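Participant: Have a peek at start-v4.cif (mmCIF, C-alpha atoms).
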data_start
loop_
_atom_site.label_atom_id
_atom_site.label_comp_id
_atom_site.auth_asym_id
_atom_site.auth_seq_id
_atom_site.Cartn_x
_atom_site.Cartn_y
_atom_site.Cartn_z
CA MET A 1 0.00 0.00 0.00
CA THR A 2 1.44 3.40 -0.94
CA ASP A 3 1.58 6.36 1.46
CA ASP A 4 -1.00 8.14 -0.67
CA GLU A 5 -3.41 5.19 -0.38
CA ILE A 6 -2.89 5.00 3.40
CA ARG A 7 -3.55 8.76 3.70
CA LYS A 8 -6.69 8.46 1.57
CA GLU A 9 -7.90 5.58 3.71
CA HIS A 10 -7.18 7.61 6.84
CA ASP A 11 -9.37 10.42 5.49
CA ILE A 12 -12.25 7.97 4.96
CA ILE A 13 -11.85 6.70 8.54
CA GLU A 14 -11.92 10.23 9.94
CA LYS A 15 -15.04 10.94 7.89
CA SER A 16 -16.61 7.64 9.05
CA LYS A 17 -16.24 8.68 12.70
CA LYS A 18 -18.85 11.36 12.01
CA ASP A 19 -20.82 9.63 9.27
CA PRO A 20 -20.95 5.78 9.41
CA HIS A 21 -22.23 5.67 5.82
CA ALA A 22 -18.73 6.67 4.66
CA PHE A 23 -17.42 3.42 6.17
CA GLY A 24 -19.14 1.56 3.32
CA ASP A 25 -16.10 2.09 1.08
CA ILE A 26 -13.84 0.42 3.65
CA TYR A 27 -16.35 -2.42 4.02
CA GLU A 28 -16.42 -3.06 0.29
CA LYS A 29 -12.66 -2.88 0.04
CA TYR A 30 -11.82 -5.31 2.84
CA PHE A 31 -14.84 -7.60 3.04
CA ASP A 32 -13.36 -10.46 0.99
CA GLN A 33 -10.00 -10.27 2.74
CA ILE A 34 -11.51 -10.39 6.24
CA PHE A 35 -14.09 -13.00 5.20
CA ASN A 36 -11.35 -15.31 3.89
CA TYR A 37 -9.24 -14.73 7.00
CA ILE A 38 -12.14 -15.76 9.23
CA LEU A 39 -13.11 -18.65 6.96
CA ARG A 40 -9.55 -19.94 7.22
CA GLN A 41 -9.98 -20.06 11.00
CA THR A 42 -13.44 -21.58 11.09
CA GLY A 43 -13.92 -23.68 7.94
CA ASP A 44 -17.61 -22.78 7.89
CA ASP A 45 -18.79 -20.16 5.40
CA GLU A 46 -22.05 -19.37 7.23
CA LEU A 47 -20.19 -18.85 10.49
CA ALA A 48 -17.50 -16.83 8.70
CA GLY A 49 -20.25 -14.61 7.23
CA ASP A 50 -21.73 -13.97 10.69
CA LEU A 51 -18.37 -13.31 12.34
CA CYS A 52 -17.33 -11.08 9.45
CA SER A 53 -20.47 -8.94 9.84
CA GLN A 54 -19.88 -8.74 13.59
CA THR A 55 -16.27 -7.71 12.93
CA PHE A 56 -17.39 -4.74 10.86
CA VAL A 57 -20.10 -3.83 13.39
CA ASN A 58 -17.50 -3.89 16.19
CA ALA A 59 -15.10 -1.87 14.07
CA LEU A 60 -17.81 0.75 13.49
CA ASN A 61 -18.79 0.75 17.17
CA ASN A 62 -15.20 1.36 18.24
CA LEU A 63 -14.05 3.57 15.40
CA SER A 64 -13.64 6.56 17.71
CA ARG A 65 -10.95 4.59 19.58
CA TYR A 66 -8.99 3.76 16.43
CA GLU A 67 -5.59 5.42 16.25
CA PHE A 68 -3.39 5.41 13.18
CA ARG A 69 -0.13 3.58 13.96
CA GLY A 70 1.44 3.44 10.56
CA PHE A 71 -0.36 0.28 9.44
CA PRO A 72 -3.10 0.00 6.84
CA PHE A 73 -6.57 0.04 8.38
CA SER A 74 -6.95 -3.63 7.40
CA SER A 75 -4.50 -4.59 10.20
CA TRP A 76 -6.93 -3.24 12.75
CA LEU A 77 -9.75 -5.14 11.06
CA TYR A 78 -7.67 -8.35 11.21
CA LYS A 79 -7.17 -7.72 14.92
CA VAL A 80 -10.91 -7.19 15.51
CA ALA A 81 -11.68 -10.28 13.39
CA GLY A 82 -9.18 -12.37 15.37
CA ASN A 83 -10.80 -11.27 18.63
CA GLU A 84 -14.21 -12.18 17.24
CA VAL A 85 -12.99 -15.67 16.23
CA ASN A 86 -11.37 -16.18 19.66
CA LYS A 87 -14.59 -15.10 21.35
CA HIS A 88 -16.51 -17.63 19.30
CA TYR A 89 -14.18 -20.49 20.23
CA ARG A 90 -14.16 -19.47 23.91
CA LYS A 91 -17.95 -19.48 23.93
CA HIS A 92 -18.37 -22.81 22.13
CA ARG A 93 -15.25 -24.49 23.53
CA GLY A 94 -14.65 -26.23 20.24
CA LYS A 95 -11.48 -27.23 18.51
CA ILE A 96 -10.02 -24.43 16.38
CA ILE A 97 -10.34 -25.35 12.73
CA PHE A 98 -7.77 -24.01 10.30
CA SER A 99 -9.21 -24.48 6.85
CA ILE A 100 -6.42 -23.74 4.39
CA GLU A 101 -6.57 -23.64 0.62
CA GLU A 102 -5.13 -26.70 -1.09
CA LEU A 103 -3.94 -24.58 -3.98
CA LYS A 104 -1.92 -22.29 -1.73
CA VAL A 105 -0.40 -25.29 0.07
CA ARG A 106 0.68 -26.76 -3.28
CA GLU A 107 2.15 -23.39 -4.27
CA LEU A 108 4.16 -23.28 -1.04
CA MET A 109 5.31 -26.87 -1.55
CA GLU A 110 6.50 -26.02 -5.08
CA GLN A 111 8.61 -23.22 -3.64
CA THR A 112 10.04 -25.16 -0.73
CA SER A 113 10.51 -28.75 -1.80
CA ASP A 114 11.96 -30.39 -4.88
CA ASP A 115 10.22 -33.72 -4.53
CA TRP A 116 6.91 -33.29 -2.73
CA ASP A 117 3.89 -35.51 -3.10
CA GLU A 118 0.41 -35.87 -1.62
CA GLU A 119 1.71 -38.09 1.15
CA LEU A 120 4.18 -35.43 2.25
CA ILE A 121 1.37 -32.86 2.43
CA GLU A 122 -0.68 -35.27 4.52
CA ARG A 123 2.22 -35.92 6.91
CA LEU A 124 2.98 -32.21 7.08
CA ILE A 125 -0.59 -31.39 8.06
CA GLN A 126 -0.60 -34.15 10.67
CA TYR A 127 2.61 -32.72 12.09
CA MET A 128 1.25 -29.17 12.09
CA ASN A 129 -1.79 -30.38 14.03
CA GLU A 130 0.62 -31.09 16.89
CA LEU A 131 2.25 -27.65 16.84
CA PRO A 132 1.02 -24.97 19.27
CA THR A 133 -1.96 -23.00 17.91
CA GLU A 134 -0.04 -19.72 18.37
CA MET A 135 2.56 -20.94 15.88
CA ILE A 136 -0.09 -21.81 13.30
CA GLN A 137 -1.65 -18.36 13.69
CA VAL A 138 1.67 -16.70 12.94
CA LEU A 139 2.37 -19.01 9.99
CA GLU A 140 -1.08 -18.31 8.60
CA LEU A 141 -0.60 -14.55 8.70
CA ARG A 142 2.94 -14.84 7.30
CA PHE A 143 2.37 -17.28 4.44
CA PHE A 144 -1.35 -17.03 3.64
CA GLU A 145 -1.93 -13.33 4.26
CA ASP A 146 1.61 -12.17 3.37
CA LYS A 147 1.91 -9.94 6.43
CA ASP A 148 5.25 -8.68 7.70
CA PHE A 149 6.36 -9.30 11.30
CA ARG A 150 5.48 -5.80 12.52
CA GLU A 151 1.94 -6.18 11.26
CA ILE A 152 1.64 -9.75 12.61
CA ALA A 153 2.77 -8.49 16.02
CA PHE A 154 0.12 -5.75 15.91
CA ILE A 155 -2.66 -8.14 14.82
CA LEU A 156 -1.87 -10.81 17.42
CA ASP A 157 -0.99 -8.32 20.15
CA ILE A 158 2.49 -9.70 20.67
CA THR A 159 5.94 -8.18 20.27
CA GLU A 160 7.69 -8.16 16.92
CA SER A 161 10.47 -10.33 18.31
CA GLY A 162 7.82 -12.71 19.64
CA ALA A 163 6.29 -13.01 16.16
CA LYS A 164 9.73 -13.65 14.65
CA MET A 165 10.57 -16.21 17.30
CA ARG A 166 7.35 -18.17 16.76
CA THR A 167 7.88 -18.21 13.00
CA TYR A 168 11.53 -19.16 13.33
CA ARG A 169 10.75 -22.04 15.69
CA ALA A 170 7.92 -23.34 13.50
CA LEU A 171 10.00 -23.17 10.32
CA ASP A 172 12.93 -24.76 12.05
CA LYS A 173 10.76 -27.72 13.03
CA LEU A 174 9.41 -28.02 9.48
CA ARG A 175 12.88 -27.79 7.97
CA THR A 176 14.26 -30.43 10.30
CA ASN A 177 11.37 -32.86 9.96
CA PHE A 178 10.44 -32.43 6.32
CA ASN A 179 13.55 -31.04 4.67
CA LEU A 180 11.65 -27.98 3.44
CA LYS A 181 13.52 -24.92 2.23
CA MET A 182 11.20 -22.33 3.71
CA LYS A 183 12.61 -18.85 4.01
CA TYR A 184 12.45 -17.14 7.36
CA ASP A 185 12.68 -13.55 5.99
CA GLY A 186 13.22 -12.13 9.46
CA MET B 1 -4.09 -34.18 18.80
CA GLY B 2 -3.59 -30.52 19.67
CA LYS B 3 -6.10 -27.80 20.33
CA HIS B 4 -6.61 -27.24 16.63
CA GLU B 5 -7.20 -29.17 13.47
CA ILE B 6 -5.92 -28.24 10.04
CA ARG B 7 -8.13 -29.10 7.10
CA LEU B 8 -7.49 -28.67 3.41
CA ARG B 9 -10.06 -26.75 1.39
CA LYS B 10 -10.41 -27.08 -2.37
CA GLN B 11 -10.43 -23.39 -3.21
CA ARG B 12 -10.39 -19.81 -2.01
CA PHE B 13 -13.75 -18.14 -1.60
CA THR B 14 -14.14 -15.72 -4.48
CA THR B 15 -15.98 -12.39 -4.44
CA ARG B 16 -18.93 -14.18 -6.06
CA GLY B 17 -18.93 -16.83 -3.34
CA SER B 18 -18.91 -14.34 -0.50
CA GLU B 19 -21.45 -12.04 -2.19
CA ARG B 20 -24.41 -13.50 -0.27
CA PHE B 21 -22.80 -12.51 3.04
CA ARG B 22 -21.99 -8.97 1.94
CA ASN B 23 -24.59 -6.54 3.25
CA TYR B 24 -23.45 -3.19 4.52
CA GLY B 25 -27.05 -2.11 5.13
CA SER B 26 -27.51 -4.74 7.84
CA VAL B 27 -24.10 -3.90 9.38
CA LEU B 28 -25.13 -0.25 9.55
CA LYS B 29 -28.50 -1.18 11.04
CA GLN B 30 -26.90 -3.35 13.71
CA HIS B 31 -24.40 -0.59 14.48
CA GLU B 32 -27.24 1.95 14.96
CA GLU B 33 -29.10 -0.49 17.20
CA GLU B 34 -26.03 -1.22 19.36
CA LYS B 35 -25.31 2.52 19.53
CA ARG B 36 -28.87 3.18 20.73
CA ILE B 37 -28.60 0.44 23.39
CA LYS B 38 -25.28 1.94 24.50
CA VAL B 39 -26.88 5.39 24.87
CA ILE B 40 -29.80 3.91 26.86
CA ILE B 41 -27.40 2.05 29.17
CA LYS B 42 -25.37 5.26 29.61
CA ILE B 43 -28.45 7.32 30.48
CA PHE B 44 -29.68 4.60 32.87
CA THR B 45 -26.24 4.44 34.54
CA TYR B 46 -26.17 8.25 34.99
CA PHE B 47 -29.71 8.09 36.37
CA LEU B 48 -28.65 5.39 38.87
CA ILE B 49 -25.58 7.40 39.93
CA ILE B 50 -27.64 10.58 40.43
CA ALA B 51 -30.34 8.62 42.32
CA ALA B 52 -27.66 7.07 44.55
CA LEU B 53 -26.14 10.51 45.25
CA ILE B 54 -29.54 11.96 46.12
CA LEU B 55 -30.22 9.00 48.41
CA ILE B 56 -26.86 9.40 50.16
CA PHE B 57 -27.50 13.15 50.55
CA ALA B 58 -30.97 12.51 52.01
CA VAL B 59 -29.63 9.88 54.44
CA VAL B 60 -26.80 12.17 55.57
CA THR B 61 -29.17 15.15 56.00
CA ARG B 62 -31.61 13.07 58.02
CA TRP B 63 -28.79 11.65 60.14
CA GLU B 64 -27.52 15.19 60.82
CA GLN B 65 -31.03 16.34 61.78
CA ASN B 66 -31.36 13.36 64.12
CA GLN B 67 -27.98 14.17 65.64
CA ASP B 68 -29.05 17.78 66.29
CA LYS B 69 -32.34 16.61 67.80
CA THR B 70 -30.56 14.12 70.05
CA ALA B 71 -28.09 16.78 71.15
CA ASN B 72 -30.99 19.12 72.03
CA ASN B 73 -32.77 16.39 73.97
CA THR B 74 -29.71 15.25 75.87
CA SER B 75 -30.18 15.65 79.58
CA VAL B 76 -27.38 17.47 81.33
CA THR B 77 -26.54 16.42 84.81
CA ILE B 78 -25.45 19.24 87.13
CA ASN B 79 -24.42 18.38 90.73
CA GLY B 80 -26.15 15.01 90.50
CA ASN B 81 -29.55 16.57 89.56
CA PRO B 82 -30.62 15.58 86.10
CA GLN B 83 -31.86 18.56 84.12
CA THR B 84 -33.33 18.59 80.72
CA LYS B 85 -32.10 21.25 78.38
#
Mind turning this structure into structure tokens?

Facilitator:
Amino acid sequence: MTDDEIRKEHDIIEKSKKDPHAFGDIYEKYFDQIFNYILRQTGDDELAGDLCSQTFVNALNNLSRYEFRGFPFSSWLYKVAGNEVNKHYRKHRGKIIFSIEELKVRELMEQTSDDWDEELIERLIQYMNELPTEMIQVLELRFFEDKDFREIAFILDITESGAKMRTYRALDKLRTNFNLKMKYDG
Amino acid sequence: MGKHEIRLRKQRFTTRGSERFRNYGSVLKQHEEEKRIKVIIKIFTYFLIIAALILIFAVVTRWEQNQDKTANNTSVTINGNPQTK
């Protein structure tokens, strides 16, 4: 996102604080992104639709508290969405479902392994089921949402070094166990 | 098994797929409703605080009046002879 785009977005947010109708542009712009982020953490499109709506309602309700911290507005929406998903799982005490796109997994495998097959993907997923959930959250934001560590730290409410450490540990485990050439990019 | 489960999904939800969930009108409506409820709760809270302050003031005033009355009715004993003020 360019500085000009961020400034423009900031103007819309300021306007939305007085007139919620102006927030419609932001809604249209980020709906798909936030919907897919929630869907990836629930695996249920109906539930993702509900949580996505609630995310935007919460964002509107708390817009007066929003402060620009150098990130695109979407980072704040990711944070609100994450809180909404956590609230849902706390309430229903269910197992967190990470529903990831097969296509993206194949793309990642192409980049990181010379001789991958379906069995390797299956074993990899089984292995990742055993990793701490916090690690999966960081990996999801890093490799499926293409967020940098500063933004990940903001979204998950952790320090930047914490985000780097989680990613490094997770990748180290994957490299050791599956001989993947995943880049850390820290 | 951990606290989560990773599942593979065939494809990414496209704009067309998520279209049926996209409805800014209902988001706006819900926001207005929640805002109204917030205002009502705020007004009710202020009302409760003011009522509590008035109650405390009334109790303190009454207690002070009772104290004055008691002081006026206190019998003073001079040289062993009780006298009422």

Participant: Hey, can you check how far CA of Met128 in chain A sits from CA of Trp116 in chain A?

Facilitator: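 That distance, rounded to one decimal, is 16.4 Å.
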
Participant: Using all atoms listed in the file, can you tell me which of A:Ser75, A:Thr42, A:Asn129, A:Thr55 comes closest to Tyr27 in chain A?

Facilitator: A:Thr55

Participant: Just need the residues of chain A within 10 Å of chain B, counting all atoms listed in the file, so spit them out as a PyMOL selection string.

Facilitator: chain A and resi 20-21+23-25+27-28+31-33+35-36+39-41+43+45-46+48-50+52-61+94-105+121-122+125-133+136

Participant: Work out how far CA of Ile158 in chain A is from CA of Phe144 in chain A, in Å to one decimal.

Facilitator: 18.9 Å

Participant: Pick out the closest residue to Ala22 in chain A from this set: A:Asp117, A:Asp146, A:Glu134, A:Glu9. Count all atoms listed in the file.

Facilitator: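 Of A:Asp117, A:Asp146, A:Glu134, A:Glu9, the one nearest Ala22 in chain A, counting all atoms listed in the file, is A:Glu9.
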